[in-house]
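Colleague: You'll find target_6.csv just under this line, and it carries CSV, C-alpha atoms and all ligand atoms.
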```
chain,number,residue,atom,x,y,z
H,336,MET,CA,-113.5,113.4,174.6
H,337,ARG,CA,-112.7,110.5,172.2
H,338,GLU,CA,-116.2,109.1,172.8
H,339,PHE,CA,-117.7,112.4,171.8
H,340,PHE,CA,-115.7,112.8,168.6
H,341,GLN,CA,-116.6,109.2,167.6
H,342,ARG,CA,-120.2,110.0,168.0
H,343,PHE,CA,-120.1,113.5,166.4
H,344,PRO,CA,-117.1,113.5,164.1
H,345,ASP,CA,-118.4,116.3,161.8
H,346,GLU,CA,-121.1,118.8,160.9
H,347,GLU,CA,-123.2,116.1,159.2
H,348,ALA,CA,-123.3,113.9,162.3
H,349,CYS,CA,-124.5,116.8,164.4
H,350,LEU,CA,-127.1,118.0,161.9
H,351,GLU,CA,-128.4,114.4,161.6
H,352,HIS,CA,-128.7,114.3,165.4
H,353,ILE,CA,-130.7,117.5,165.4
H,354,MET,CA,-132.9,116.1,162.6
H,355,ASN,CA,-133.6,113.0,164.7
H,356,ALA,CA,-134.3,115.0,167.8
H,357,ARG,CA,-136.7,117.4,166.1
H,358,PHE,CA,-138.3,115.3,163.3
H,359,GLY,CA,-137.7,111.8,164.4
H,360,GLY,CA,-135.4,111.1,161.5
H,361,THR,CA,-135.3,111.8,157.8
H,362,ARG,CA,-138.6,110.1,156.8
H,363,PHE,CA,-141.6,112.1,157.8
H,364,ASP,CA,-144.7,113.6,156.1
H,365,CYS,CA,-143.7,116.4,153.8
H,366,MET,CA,-144.4,119.8,155.3
H,367,SER,CA,-145.1,121.3,151.9
H,368,CYS,CA,-147.0,118.8,149.7
H,369,GLY,CA,-148.1,116.4,152.4
H,370,THR,CA,-146.7,113.3,150.9
H,371,VAL,CA,-146.8,110.6,153.6
H,372,ASP,CA,-143.5,109.3,154.9
H,373,ALA,CA,-141.4,111.4,152.5
H,374,THR,CA,-137.6,110.8,152.3
H,375,HIS,CA,-135.4,113.8,153.0
H,376,HIS,CA,-131.8,114.0,151.7
H,377,LYS,CA,-129.0,116.2,153.0
H,378,LEU,CA,-127.8,119.0,150.6
H,379,ALA,CA,-124.0,118.9,150.3
H,380,LYS,CA,-122.2,121.7,152.2
H,381,ARG,CA,-125.5,123.2,153.5
H,382,ARG,CA,-127.4,122.8,156.8
H,383,THR,CA,-130.4,121.8,154.7
H,384,TYR,CA,-132.4,118.7,153.8
H,385,VAL,CA,-134.5,118.4,150.7
H,386,ALA,CA,-137.8,116.4,150.4
H,387,ALA,CA,-137.6,113.8,147.6
H,388,CYS,CA,-141.3,114.4,146.7
H,389,CYS,CA,-141.3,118.1,145.8
H,390,GLY,CA,-137.9,119.5,146.6
H,391,HIS,CA,-139.1,121.3,149.8
H,392,HIS,CA,-136.2,122.5,151.9
H,393,VAL,CA,-136.0,121.6,155.6
H,394,ASN,CA,-133.4,123.3,157.8
H,395,PRO,CA,-133.1,121.3,161.0
H,396,THR,CA,-131.6,124.3,162.8
H,397,ALA,CA,-134.4,126.8,161.8
H,398,GLY,CA,-135.9,128.4,164.9
H,399,THR,CA,-133.1,127.2,167.2
H,400,ILE,CA,-130.2,129.0,168.7
H,401,LEU,CA,-128.0,127.3,166.1
H,402,HIS,CA,-129.8,129.1,163.2
H,403,ASP,CA,-127.4,131.3,161.3
H,404,THR,CA,-124.5,130.5,163.7
H,405,ARG,CA,-121.1,130.8,162.1
H,406,THR,CA,-119.6,128.6,164.8
H,407,PRO,CA,-119.4,124.9,163.7
H,408,LEU,CA,-122.1,122.7,165.1
H,409,VAL,CA,-119.5,120.4,166.4
H,410,SER,CA,-118.3,123.2,168.7
H,411,TRP,CA,-121.8,123.7,170.0
H,412,PHE,CA,-122.3,120.0,170.6
H,413,TYR,CA,-118.9,119.8,172.3
H,414,ALA,CA,-119.8,122.6,174.6
H,415,MET,CA,-123.1,120.8,175.5
H,416,TYR,CA,-121.2,117.6,176.0
H,417,LEU,CA,-118.8,119.3,178.3
H,418,PHE,CA,-121.6,120.9,180.3
H,419,CYS,CA,-123.2,117.4,180.8
H,420,MET,CA,-119.9,115.8,181.8
H,421,THR,CA,-118.7,118.5,184.2
H,422,ARG,CA,-122.3,119.1,185.5
H,423,HIS,CA,-121.9,122.8,185.8
H,424,GLY,CA,-121.9,125.8,183.6
H,425,VAL,CA,-119.1,126.0,181.1
H,426,SER,CA,-117.1,129.2,181.2
H,427,GLY,CA,-115.6,131.0,178.2
H,428,LYS,CA,-112.2,130.1,179.5
H,429,GLU,CA,-112.9,126.3,179.6
H,430,LEU,CA,-114.4,126.4,176.1
H,431,GLN,CA,-112.0,128.7,174.4
H,432,ARG,CA,-109.2,126.2,173.9
H,433,PRO,CA,-111.0,123.0,172.9
H,434,LEU,CA,-113.2,125.0,170.5
H,435,GLY,CA,-110.4,127.1,169.1
H,436,ALA,CA,-112.7,130.0,169.4
H,437,THR,CA,-112.2,133.6,170.6
H,438,TYR,CA,-113.0,134.2,174.3
H,439,LYS,CA,-116.0,136.3,173.3
H,440,THR,CA,-117.5,133.5,171.1
H,441,ALA,CA,-116.8,130.8,173.7
H,442,TYR,CA,-118.4,132.9,176.5
H,443,ARG,CA,-121.5,133.5,174.4
H,444,ILE,CA,-121.8,129.7,173.7
H,445,GLY,CA,-121.5,129.0,177.4
H,446,GLN,CA,-124.4,131.5,178.1
H,447,ARG,CA,-126.6,130.1,175.4
H,448,ILE,CA,-126.2,126.6,176.8
H,449,SER,CA,-127.2,128.0,180.2
H,450,ASP,CA,-130.3,129.3,178.6
H,451,LEU,CA,-131.0,125.9,177.2
H,452,THR,CA,-131.2,124.4,180.7
H,453,VAL,CA,-134.0,126.9,181.4
H,454,LYS,CA,-135.9,125.7,178.4
H,455,ALA,CA,-135.1,122.0,179.0
H,456,GLN,CA,-136.6,122.2,182.4
H,457,ASN,CA,-140.1,123.0,181.3
H,458,PHE,CA,-140.6,125.6,184.0
H,459,ASP,CA,-144.3,125.6,183.7
H,460,ALA,CA,-144.6,121.9,184.8
H,461,LEU,CA,-146.2,121.4,188.2
H,462,PHE,CA,-144.7,119.2,190.9
H,463,PHE,CA,-146.3,116.0,192.1
H,464,GLY,CA,-145.9,114.2,195.4
H,465,HIS,CA,-144.6,115.6,198.6
H,466,VAL,CA,-142.8,119.0,198.0
H,467,GLU,CA,-140.4,120.8,200.3
H,468,LEU,CA,-140.0,124.5,200.2
H,469,ASP,CA,-137.1,126.6,201.6
H,470,GLU,CA,-135.7,130.0,200.7
H,471,ILE,CA,-132.1,131.1,200.9
H,472,TYR,CA,-130.2,134.3,200.5
H,473,VAL,CA,-127.2,134.2,198.1
H,474,GLY,CA,-124.7,136.6,196.7
H,475,GLY,CA,-123.7,139.9,198.2
H,476,ARG,CA,-120.5,140.1,200.1
H,477,ARG,CA,-120.9,137.2,202.4
H,478,SER,CA,-122.0,134.6,199.9
H,479,GLY,CA,-124.5,131.9,200.8
H,480,GLY,CA,-125.4,132.8,204.3
H,481,LYS,CA,-128.8,131.6,205.2
H,482,ARG,CA,-131.3,133.9,206.9
H,483,GLY,CA,-129.1,136.9,206.2
H,484,ARG,CA,-132.1,139.0,205.8
H,485,GLY,CA,-131.7,142.5,204.4
H,486,ALA,CA,-128.0,142.1,203.8
H,487,PRO,CA,-127.0,144.4,200.9
H,488,GLY,CA,-126.8,142.8,197.4
H,489,LYS,CA,-128.3,139.5,198.4
H,490,THR,CA,-130.7,137.7,196.2
H,491,ILE,CA,-133.6,135.7,197.6
H,492,VAL,CA,-134.2,132.3,196.1
H,493,MET,CA,-137.0,129.9,196.8
H,494,GLY,CA,-136.2,126.3,196.4
H,495,LEU,CA,-138.8,123.7,195.7
H,496,ALA,CA,-137.8,120.0,195.8
H,497,SER,CA,-140.2,117.1,195.3
H,498,ARG,CA,-139.3,114.0,197.2
H,499,ASP,CA,-139.0,112.1,193.9
H,500,GLY,CA,-136.0,114.2,192.9
H,501,ASP,CA,-137.3,117.1,190.8
H,502,MET,CA,-135.9,120.4,191.8
H,503,LYS,CA,-136.6,124.0,190.9
H,504,ALA,CA,-135.2,127.3,192.2
H,505,VAL,CA,-136.7,130.7,191.5
H,506,VAL,CA,-135.5,134.2,192.3
H,507,ILE,CA,-138.1,136.1,194.3
H,508,PRO,CA,-138.1,139.9,195.1
H,509,ASP,CA,-139.0,139.6,198.7
H,510,VAL,CA,-140.6,137.2,201.3
H,511,LYS,CA,-143.9,138.9,201.6
H,512,GLU,CA,-146.9,136.5,201.8
H,513,ASP,CA,-148.2,137.3,198.3
H,514,THR,CA,-144.8,136.7,196.7
H,515,LEU,CA,-144.3,133.4,198.4
H,516,ARG,CA,-147.8,132.3,197.8
H,517,ASN,CA,-147.6,133.0,194.0
H,518,ALA,CA,-144.2,131.3,193.7
H,519,VAL,CA,-145.7,128.2,195.3
H,520,LEU,CA,-148.9,128.2,193.3
H,521,ASP,CA,-146.9,128.6,190.0
H,522,SER,CA,-145.2,125.2,190.7
H,523,VAL,CA,-147.3,123.2,193.1
H,524,GLU,CA,-150.7,121.9,192.5
H,525,PRO,CA,-153.1,122.9,195.4
H,526,GLY,CA,-153.9,120.0,197.6
H,527,LEU,CA,-150.4,118.5,197.6
H,528,VAL,CA,-148.4,117.8,200.7
H,529,VAL,CA,-145.9,120.5,201.5
H,530,SER,CA,-143.1,120.7,204.1
H,531,THR,CA,-141.6,124.0,205.2
H,532,ASP,CA,-139.7,125.4,208.1
H,533,GLU,CA,-141.5,127.8,210.5
H,534,LEU,CA,-141.2,131.0,208.4
H,535,VAL,CA,-144.4,132.9,209.2
H,536,SER,CA,-145.4,133.7,205.6
H,537,TYR,CA,-145.9,130.1,204.8
H,538,ASN,CA,-149.0,130.0,207.0
H,539,LEU,CA,-150.9,131.1,204.0
H,540,LEU,CA,-150.5,127.7,202.4
H,541,SER,CA,-153.3,126.0,204.3
H,542,GLY,CA,-155.7,128.4,202.8
H,543,ASP,CA,-155.1,127.0,199.4
H,544,GLY,CA,-155.8,123.4,200.4
H,545,PHE,CA,-152.2,122.3,200.8
H,546,LYS,CA,-151.5,119.7,203.5
H,547,HIS,CA,-148.9,121.8,205.1
H,548,GLY,CA,-146.4,120.5,207.7
H,549,VAL,CA,-143.9,122.7,209.5
H,550,VAL,CA,-140.6,121.7,211.1
H,551,LYS,CA,-139.6,124.1,213.9
H,552,HIS,CA,-135.9,124.6,213.3
H,553,GLY,CA,-135.9,127.2,216.0
H,554,ALA,CA,-136.8,124.5,218.5
H,555,LYS,CA,-134.2,122.1,217.0
H,556,GLU,CA,-136.8,120.0,215.4
H,557,TYR,CA,-135.8,118.6,212.0
H,558,ALA,CA,-138.5,116.1,211.1
H,559,HIS,CA,-141.9,115.0,212.4
H,560,TYR,CA,-144.2,112.2,211.6
H,561,ASP,CA,-147.9,113.1,211.3
H,562,TYR,CA,-150.1,110.2,212.3
H,563,ARG,CA,-153.3,111.6,210.7
H,564,SER,CA,-151.8,112.0,207.3
H,565,SER,CA,-149.0,109.4,207.5
H,566,GLU,CA,-146.6,112.0,206.2
H,567,THR,CA,-143.1,112.7,207.5
H,568,PHE,CA,-142.6,116.5,207.4
H,569,HIS,CA,-139.0,117.7,206.9
H,570,VAL,CA,-137.0,119.9,204.5
H,571,ASN,CA,-133.9,117.8,204.4
H,572,THR,CA,-134.1,117.2,200.6
H,573,VAL,CA,-134.2,120.9,199.7
H,574,GLU,CA,-131.6,121.8,202.4
H,575,GLY,CA,-129.3,119.2,201.0
H,576,PHE,CA,-129.6,120.8,197.7
H,577,TRP,CA,-128.9,124.2,199.1
H,578,ARG,CA,-125.7,122.9,200.7
H,579,LEU,CA,-124.5,121.6,197.4
H,580,PHE,CA,-125.5,124.8,195.7
H,581,LYS,CA,-123.7,127.0,198.2
H,582,ALA,CA,-120.5,124.8,198.0
H,583,ALA,CA,-120.6,125.2,194.2
H,584,VAL,CA,-121.1,128.9,194.4
H,585,ARG,CA,-118.0,129.1,196.7
H,586,LEU,CA,-115.9,126.9,194.5
H,587,THR,CA,-116.7,127.8,191.0
H,588,HIS,CA,-118.3,131.2,190.8
H,589,VAL,CA,-116.7,133.8,193.0
H,590,GLN,CA,-119.5,136.3,192.6
H,591,ILE,CA,-122.8,135.8,190.9
H,592,SER,CA,-124.7,139.0,190.3
H,593,GLY,CA,-128.5,139.0,190.8
H,594,LYS,CA,-128.8,139.3,187.0
H,595,HIS,CA,-127.1,136.0,186.4
H,596,MET,CA,-128.6,134.2,189.5
H,597,GLN,CA,-131.6,132.6,187.8
H,598,ARG,CA,-129.4,131.3,184.9
H,599,TYR,CA,-127.0,129.8,187.3
H,600,LEU,CA,-129.8,128.3,189.4
H,601,SER,CA,-131.3,126.8,186.3
H,602,GLU,CA,-128.1,125.1,185.4
H,603,PHE,CA,-127.7,123.7,188.9
H,604,THR,CA,-131.3,122.4,189.2
H,605,PHE,CA,-131.1,121.0,185.7
H,606,CYS,CA,-128.1,118.9,186.7
H,607,ALA,CA,-129.6,118.0,190.1
H,608,SER,CA,-132.9,116.9,188.6
H,609,ASN,CA,-131.2,114.8,186.0
H,610,ARG,CA,-128.4,113.3,188.0
H,611,GLU,CA,-129.7,109.8,187.4
H,612,ARG,CA,-130.0,110.4,183.7
H,613,VAL,CA,-126.5,111.5,182.6
H,614,ASN,CA,-126.9,110.4,179.0
H,615,GLY,CA,-130.4,111.8,178.9
H,616,MET,CA,-129.1,115.2,179.8
H,617,PHE,CA,-127.4,115.8,176.5
H,618,ASP,CA,-130.5,114.7,174.6
H,619,LEU,CA,-132.7,117.1,176.7
H,620,LEU,CA,-130.4,119.9,175.7
H,621,VAL,CA,-130.5,119.0,172.0
H,622,GLU,CA,-134.3,118.8,172.2
H,623,ALA,CA,-134.4,122.2,173.9
H,624,LEU,CA,-132.4,123.8,171.0
H,701,ZN,ZN,-143.2,117.3,149.3
```
Could you show the structure in this file as structure tokens?

Modeller:
Amino acid sequence: MREFFQRFPDEEACLEHIMNARFGGTRFDCMSCGTVDATHHKLAKRRTYVAACCGHHVNPTAGTILHDTRTPLVSWFYAMYLFCMTRHGVSGKELQRPLGATYKTAYRIGQRISDLTVKAQNFDALFFGHVELDEIYVGGRRSGGKRGRGAPGKTIVMGLASRDGDMKAVVIPDVKEDTLRNAVLDSVEPGLVVSTDELVSYNLLSGDGFKHGVVKHGAKEYAHYDYRSSETFHVNTVEGFWRLFKAAVRLTHVQISGKHMQRYLSEFTFCASNRERVNGMFDLLVEAL
């Protein structure tokens, strides 16, 4: 906490950080008159910088979730910092006291930071390398049970994990062939190597040029090496992720409704994908503002 307040003691420090993240500092080509390398000065008591050349106003928070917020920037930054430190979503209760805000405000800030993790993940990016796929059923009355098909209130989630550590989880409406196929094609470049378990619907993958290997969990097979492609097929990476996810669901969020599932998954995959880049996490959030 002390480390945080040394780095961001006041509004100006936060604003300067946003300025750096979005414009690379206070010297850049003027957006109004085009002066090259124009200097920009902070206006006292306002969230605005002024270009020295022509007086053009630049508001570093324009177009971000911080635009027009009455909550101090330090509070927003502290909430993001807390999120990166604890590595899970920050609840209104956790934020309320340190921010000195009402529960409603603190709750809203927590949700906005959740949204940032979705933005920060660049959901359109395609995976590279060997990708593992596995779907689980979460929520409902008996939380986290795998293969609990058709249980009321359960949300189906497809997990995609690349062996180099990137992770993504998307809520899907059903496990029909078309649904699974579209979810895979949205994230994985055709032609890549893909591991799944024996769920029938994944048979469609070979049609799109994927090198698809199947582990037969029903036959107690957990990995197999394919001599022709020199690939080891298994879904241990994505299953390891689901184990952590389910433990977190049990520990921290008693019930997650389907409505909030994607948000919660995004937080979780954001933290999992960036676990080697703790300091970078905060910067990714600021850049996603
Ligand atoms: Zn100018």

Colleague: Find the residue from H:Lys377, H:His392, H:Arg357, H:Arg578 that sits nearest to ligand ZN 701 (chain H); use all atoms listed in the file when measuring.

Modeller: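 Checking each candidate against ligand ZN 701 (chain H), we get H:His392 as the closest.
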
Colleague: For a quick check of understanding, using only C-alpha atoms, which of H:Ser530, H:Asn538, H:Ser608, H:Ser565 has the smallest distance to Val550 of chain H?

Modeller: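 The closest residue to Val550 of chain H is H:Ser530.
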
Colleague: Env of Thr567 of chain H: 12 Å cut, atoms = all atoms listed in the file, seq-sep filter 3 positions within chain, self excluded. Answer as a VMD selection string.

Modeller: chain H and resid 465 to 467 498 528 to 531 546 to 550 557 to 564 570 to 571

Colleague: Kindly compile the residues surrounding ligand ZN 701 (chain H) within 7 Å, counting all atoms listed in the file, and format them as number ranges by chain.

Modeller: H: 365-370, 373, 386-391

Colleague: Tell me, in Å to one decimal, how far atom CA of Phe462 of chain H is from atom CA of Leu534 of chain H.

Modeller: 21.4 Å

Colleague: Just checking: using only C-alpha atoms, which residue out of H:Val523, H:Ala436, H:Ala583, H:Met354 ends up closest to Ala397 of chain H?

Modeller: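 Selected residue with least distance to Ala397 of chain H: H:Met354.
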
Colleague: Once N, CA and C atoms are restored for segment 546-561 of chain H, what would the output be as a CSV table (one decimal), keeping the file's coordinate frame?

Modeller:
```
chain,number,residue,atom,x,y,z
H,546,LYS,N,-151.7,120.3,202.2
H,546,LYS,CA,-151.5,119.7,203.5
H,546,LYS,C,-150.1,120.1,203.9
H,547,HIS,N,-150.1,121.1,204.8
H,547,HIS,CA,-148.9,121.8,205.1
H,547,HIS,C,-148.3,121.3,206.5
H,548,GLY,N,-147.1,120.8,206.5
H,548,GLY,CA,-146.4,120.5,207.7
H,548,GLY,C,-145.2,121.3,207.9
H,549,VAL,N,-145.0,121.7,209.2
H,549,VAL,CA,-143.9,122.7,209.5
H,549,VAL,C,-142.9,122.0,210.5
H,550,VAL,N,-141.6,122.2,210.1
H,550,VAL,CA,-140.6,121.7,211.1
H,550,VAL,C,-140.1,123.0,211.8
H,551,LYS,N,-140.0,122.9,213.1
H,551,LYS,CA,-139.6,124.1,213.9
H,551,LYS,C,-138.1,124.0,214.2
H,552,HIS,N,-137.4,124.6,213.2
H,552,HIS,CA,-135.9,124.6,213.3
H,552,HIS,C,-135.5,125.3,214.5
H,553,GLY,N,-136.2,126.4,214.9
H,553,GLY,CA,-135.9,127.2,216.0
H,553,GLY,C,-135.9,126.4,217.3
H,554,ALA,N,-136.7,125.4,217.3
H,554,ALA,CA,-136.8,124.5,218.5
H,554,ALA,C,-136.0,123.2,218.3
H,555,LYS,N,-135.1,123.2,217.3
H,555,LYS,CA,-134.2,122.1,217.0
H,555,LYS,C,-135.0,120.9,216.6
H,556,GLU,N,-136.1,121.1,215.9
H,556,GLU,CA,-136.8,120.0,215.4
H,556,GLU,C,-136.5,119.9,213.9
H,557,TYR,N,-136.2,118.7,213.4
H,557,TYR,CA,-135.8,118.6,212.0
H,557,TYR,C,-136.7,117.7,211.2
H,558,ALA,N,-137.6,116.9,211.9
H,558,ALA,CA,-138.5,116.1,211.1
H,558,ALA,C,-139.6,115.7,212.1
H,559,HIS,N,-140.8,115.6,211.6
H,559,HIS,CA,-141.9,115.0,212.4
H,559,HIS,C,-142.9,114.2,211.6
H,560,TYR,N,-143.3,113.1,212.2
H,560,TYR,CA,-144.2,112.2,211.6
H,560,TYR,C,-145.6,112.6,212.0
H,561,ASP,N,-146.5,112.7,211.0
H,561,ASP,CA,-147.9,113.1,211.3
H,561,ASP,C,-148.8,111.9,211.2
```
